[in-house]
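K.L.:
Got a structure for you, query_3.cif, holding mmCIF, C-alpha atoms.
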```cif
data_query
loop_
_atom_site.label_atom_id
_atom_site.label_comp_id
_atom_site.auth_asym_id
_atom_site.auth_seq_id
_atom_site.Cartn_x
_atom_site.Cartn_y
_atom_site.Cartn_z
CA MET W 1 30.25 -14.53 -8.70
CA ILE W 2 26.80 -13.04 -8.14
CA GLY W 3 27.46 -9.78 -10.01
CA ALA W 4 28.02 -11.65 -13.27
CA ASP W 5 24.56 -13.27 -13.29
CA ASP W 6 21.76 -11.73 -15.33
CA ASP W 7 18.59 -10.57 -13.59
CA ALA W 8 16.56 -13.66 -14.48
CA THR W 9 19.25 -15.92 -13.02
CA LEU W 10 19.40 -13.81 -9.88
CA MET W 11 15.62 -14.00 -9.54
CA ARG W 12 15.75 -17.80 -9.86
CA ARG W 13 18.57 -17.92 -7.30
CA HIS W 14 16.53 -15.74 -4.92
CA VAL W 15 13.52 -18.04 -5.22
CA GLU W 16 15.81 -21.00 -4.56
CA GLY W 17 16.98 -19.38 -1.32
CA ASP W 18 20.15 -17.44 -2.20
CA PRO W 19 20.22 -14.70 0.47
CA ASP W 20 22.22 -12.26 -1.69
CA ALA W 21 20.50 -12.55 -5.06
CA PHE W 22 17.56 -10.19 -4.50
CA GLY W 23 19.84 -7.58 -2.97
CA GLU W 24 21.94 -7.60 -6.14
CA ILE W 25 18.83 -7.07 -8.28
CA VAL W 26 17.83 -4.11 -6.11
CA ARG W 27 21.35 -2.69 -6.21
CA ARG W 28 21.33 -2.79 -10.00
CA HIS W 29 17.98 -1.10 -10.43
CA ARG W 30 17.40 1.02 -7.32
CA ASP W 31 18.23 4.36 -8.93
CA ARG W 32 15.72 3.94 -11.75
CA LEU W 33 13.09 2.52 -9.40
CA TRP W 34 13.59 5.50 -7.08
CA ALA W 35 13.34 7.92 -10.01
CA VAL W 36 10.02 6.40 -11.05
CA ALA W 37 8.65 6.56 -7.51
CA ILE W 38 9.73 10.16 -6.84
CA ARG W 39 8.52 11.44 -10.18
CA THR W 40 5.24 9.60 -9.88
CA LEU W 41 4.47 10.74 -6.34
CA GLY W 42 6.41 14.01 -6.16
CA ASN W 43 7.07 13.65 -2.44
CA PRO W 44 10.28 11.97 -1.14
CA GLU W 45 8.64 10.48 1.94
CA ASP W 46 5.74 8.99 -0.02
CA ALA W 47 8.12 7.78 -2.73
CA ALA W 48 10.37 6.10 -0.16
CA ASP W 49 7.38 4.40 1.47
CA ALA W 50 5.98 3.26 -1.88
CA LEU W 51 9.36 1.96 -3.02
CA GLN W 52 9.83 0.08 0.23
CA ASP W 53 6.34 -1.44 -0.07
CA ALA W 54 7.09 -2.42 -3.66
CA LEU W 55 10.42 -4.06 -2.87
CA VAL W 56 8.97 -6.01 0.06
CA ASN W 57 6.13 -7.12 -2.21
CA ALA W 58 8.57 -8.12 -4.98
CA PHE W 59 10.76 -10.00 -2.48
CA ARG W 60 7.77 -11.97 -1.22
CA ARG W 61 6.19 -12.56 -4.64
CA ALA W 62 9.37 -13.46 -6.53
CA GLY W 63 8.12 -17.00 -6.94
CA SER W 64 5.27 -15.67 -9.08
CA PHE W 65 7.70 -14.09 -11.58
CA ARG W 66 7.12 -16.02 -14.82
CA ALA W 67 9.92 -14.51 -16.95
CA GLU W 68 7.39 -13.44 -19.61
CA SER W 69 8.99 -10.01 -19.36
CA ALA W 70 12.28 -8.67 -18.07
CA VAL W 71 12.84 -8.59 -14.32
CA THR W 72 13.15 -4.80 -14.56
CA THR W 73 9.76 -4.53 -16.26
CA TRP W 74 8.23 -6.66 -13.51
CA LEU W 75 9.87 -4.55 -10.79
CA HIS W 76 8.82 -1.27 -12.39
CA ARG W 77 5.25 -2.47 -12.63
CA ILE W 78 5.27 -3.33 -8.92
CA VAL W 79 6.71 0.12 -8.09
CA VAL W 80 4.14 1.92 -10.26
CA ASN W 81 1.32 -0.07 -8.67
CA ALA W 82 2.64 0.73 -5.18
CA CYS W 83 2.74 4.43 -6.07
CA ILE W 84 -0.80 4.37 -7.43
CA ASP W 85 -1.99 2.49 -4.34
CA ARG W 86 -0.37 5.09 -2.10
CA VAL W 87 -2.09 7.94 -3.96
CA ARG W 88 -5.44 6.18 -3.75
CA ARG W 89 -5.03 5.45 -0.03
CA THR W 90 -4.15 8.99 0.91
CA ALA W 91 -6.49 10.58 -1.66
CA ALA W 92 -4.06 13.49 -1.79
CA ARG W 93 -2.40 15.28 -4.66
CA PRO W 94 1.39 15.02 -4.76
CA ALA W 95 3.31 18.03 -3.52
CA VAL W 96 5.65 19.98 -5.75
CA VAL W 97 9.04 18.57 -4.75
CA LEU W 98 12.17 18.54 -6.84
CA ALA W 99 14.15 15.36 -7.25
CA ASP W 100 17.91 15.86 -7.16
CA ASP W 101 18.35 13.86 -10.34
CA PHE W 102 15.75 15.78 -12.35
CA ASP W 103 17.82 17.04 -15.24
CA VAL W 104 16.43 19.79 -17.43
CA ALA W 105 19.09 21.84 -19.17
CA SER W 106 18.39 25.45 -19.96
CA PRO W 107 20.15 27.02 -22.91
CA ALA W 108 22.04 29.40 -20.66
CA HIS W 109 22.73 26.73 -18.01
CA ASP W 110 21.50 29.25 -15.49
CA PRO W 111 20.68 27.49 -12.20
CA GLY W 112 17.88 29.97 -11.51
CA THR W 113 16.26 29.30 -14.87
CA GLN W 114 16.70 25.54 -14.43
CA THR W 115 15.09 25.69 -11.00
CA ALA W 116 12.13 27.67 -12.32
CA LEU W 117 11.70 25.25 -15.21
CA ARG W 118 11.93 22.25 -12.89
CA LEU W 119 9.30 23.80 -10.64
CA ASP W 120 7.04 24.36 -13.64
CA VAL W 121 7.45 20.77 -14.84
CA GLU W 122 6.90 19.30 -11.37
CA ALA W 123 3.84 21.51 -10.84
CA ALA W 124 2.43 20.46 -14.21
CA LEU W 125 3.00 16.78 -13.39
CA ALA W 126 1.23 17.23 -10.07
CA THR W 127 -1.94 18.38 -11.83
CA LEU W 128 -2.22 15.27 -13.99
CA PRO W 129 -4.29 12.29 -12.92
CA ASP W 130 -2.32 9.11 -12.17
CA GLU W 131 -3.31 7.38 -15.40
CA GLN W 132 -1.74 10.22 -17.41
CA ARG W 133 1.20 11.11 -15.15
CA VAL W 134 2.62 7.58 -14.81
CA PRO W 135 3.03 6.85 -18.55
CA LEU W 136 4.39 10.35 -19.15
CA VAL W 137 7.04 9.92 -16.45
CA LEU W 138 8.01 6.45 -17.64
CA VAL W 139 8.20 7.25 -21.38
CA ASP W 140 9.19 10.90 -21.59
CA MET W 141 11.26 11.34 -18.44
CA GLU W 142 12.66 7.87 -17.80
CA GLY W 143 13.05 6.92 -21.47
CA TYR W 144 11.30 3.56 -21.43
CA PRO W 145 9.92 2.30 -24.75
CA VAL W 146 6.14 2.62 -25.08
CA SER W 147 5.78 -1.16 -25.44
CA GLU W 148 7.64 -1.77 -22.18
CA VAL W 149 5.51 0.79 -20.34
CA ALA W 150 2.40 -0.93 -21.71
CA ASP W 151 3.70 -4.18 -20.19
CA MET W 152 4.44 -2.44 -16.88
CA LEU W 153 0.97 -0.92 -16.69
CA GLY W 154 -0.87 -3.90 -18.13
CA CYS W 155 -2.56 -1.90 -20.87
CA PRO W 156 -2.39 -1.69 -24.67
CA VAL W 157 0.37 0.28 -26.41
CA GLY W 158 -2.24 2.63 -27.90
CA THR W 159 -3.47 3.51 -24.42
CA VAL W 160 0.05 4.45 -23.31
CA LYS W 161 0.47 6.59 -26.44
CA SER W 162 -2.81 8.40 -25.91
CA ARG W 163 -2.05 9.15 -22.29
#
```
Kindly transcribe the structure held in the file into structure tokens.

P.N.:
Amino acid sequence: MIGADDDATLMRRHVEGDPDAFGEIVRRHRDRLWAVAIRTLGNPEDAADALQDALVNAFRRAGSFRAESAVTTWLHRIVVNACIDRVRRTAARPAVVLADDFDVASPAHDPGTQTALRLDVEAALATLPDEQRVPLVLVDMEGYPVSEVADMLGCPVGTVKSR
């Protein structure tokens, strides 16, 4: 039963030729990977393209996964790198676009207030350079531990904290 295997086992099975293993990994983590891409880029089309590039890259490079970190950390790093590459290639600032899953609760639960707050947060994120926006999204919005984000970005924990 493929759904009972942990991610590392699925990755090994994928490398060994199991045609369903990588799909199960993606199914398990797609929502969080999408959230990272959309919040990093701010534009659904760019996020979809970056996520697709990242997953194709991960599929092809699965044999290079050394299990020094969790599969999810490895995947998130590939997604973040794909997003940064996309920004660099287009040399454009991300647009202010709201993700459907962006959840900011206002005290009054007023949809108008929530929308205004979401717009403010998205606009503020769009003004940050990549090296500041990515750690902020991963730690403060996605809830990853600082040490895991440092692994994803390939930088020291102190650098993630300062950004």

K.L.:
For a quick check of understanding, using all atoms listed in the file, which of W:Leu10, W:Asp151, W:Pro44, W:His76 has the smallest distance to Gly23 (chain W)?

P.N.:
W:Leu10

K.L.:
Can you work out which one of W:Val149, W:Leu136, W:Ala126, W:Ala70 has the shortest atom-to-atom distance to Asn43 (chain W), counting all atoms listed in the file?

P.N.:
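Distance minimum relative to Asn43 (chain W) lands on W:Ala126.
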
K.L.:
Can you tell me which residues surround Ala4 (chain W) at a distance of at most 12 Å, considering only C-alpha atoms, apart from same-chain residues fewer than 6 positions away, and format the answer as a ChimeraX atom specification?

P.N.:
/W:10,21,24-25,28

K.L.:
Give me, as number ranges by chain, all polymer residues having an atom no more than 7 Å from Ala82 (chain W), counting only C-alpha atoms and skipping those fewer than 6 positions away in the same chain.

P.N.:
W: 50, 53-54

K.L.:
For the provided coordinates, the residues matched by the PyMOL selection byres ((chain W and resi 45) around 12) should be stated as a ChimeraX atom specification.

P.N.:
/W:34,37-38,41-44,46-52,83,86,94-95,97,99

K.L.:
Take CA of Ala67 (chain W) and CA of Asp7 (chain W) and report the distance between them in Å, one decimal.

P.N.:
10.1 Å

K.L.:
I'd like to know which of W:Val80, W:Ala116, W:Ala35, W:Leu125 is closest to Gly154 (chain W), using only C-alpha atoms.

P.N.:
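Looking only at the distances to Gly154 (chain W), the closest residue turns out to be W:Val80.
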
K.L.:
Could you check the closest approach to Leu75 (chain W) for each of W:Ala8, W:Met152, W:Val157, W:Val139 and tell me which residue wins, using all atoms listed in the file?

P.N.:
W:Met152

K.L.:
Specify as an NGL selection string each residue included when the PyMOL selection byres ((chain W and resi 163) around 7) is applied to this file.

P.N.:
:W and (132 or 135 or 159-162)

K.L.:
Mind pulling up the distance from CA of Asn81 (chain W) to CA of Glu122 (chain W)?

P.N.:
20.3 Å
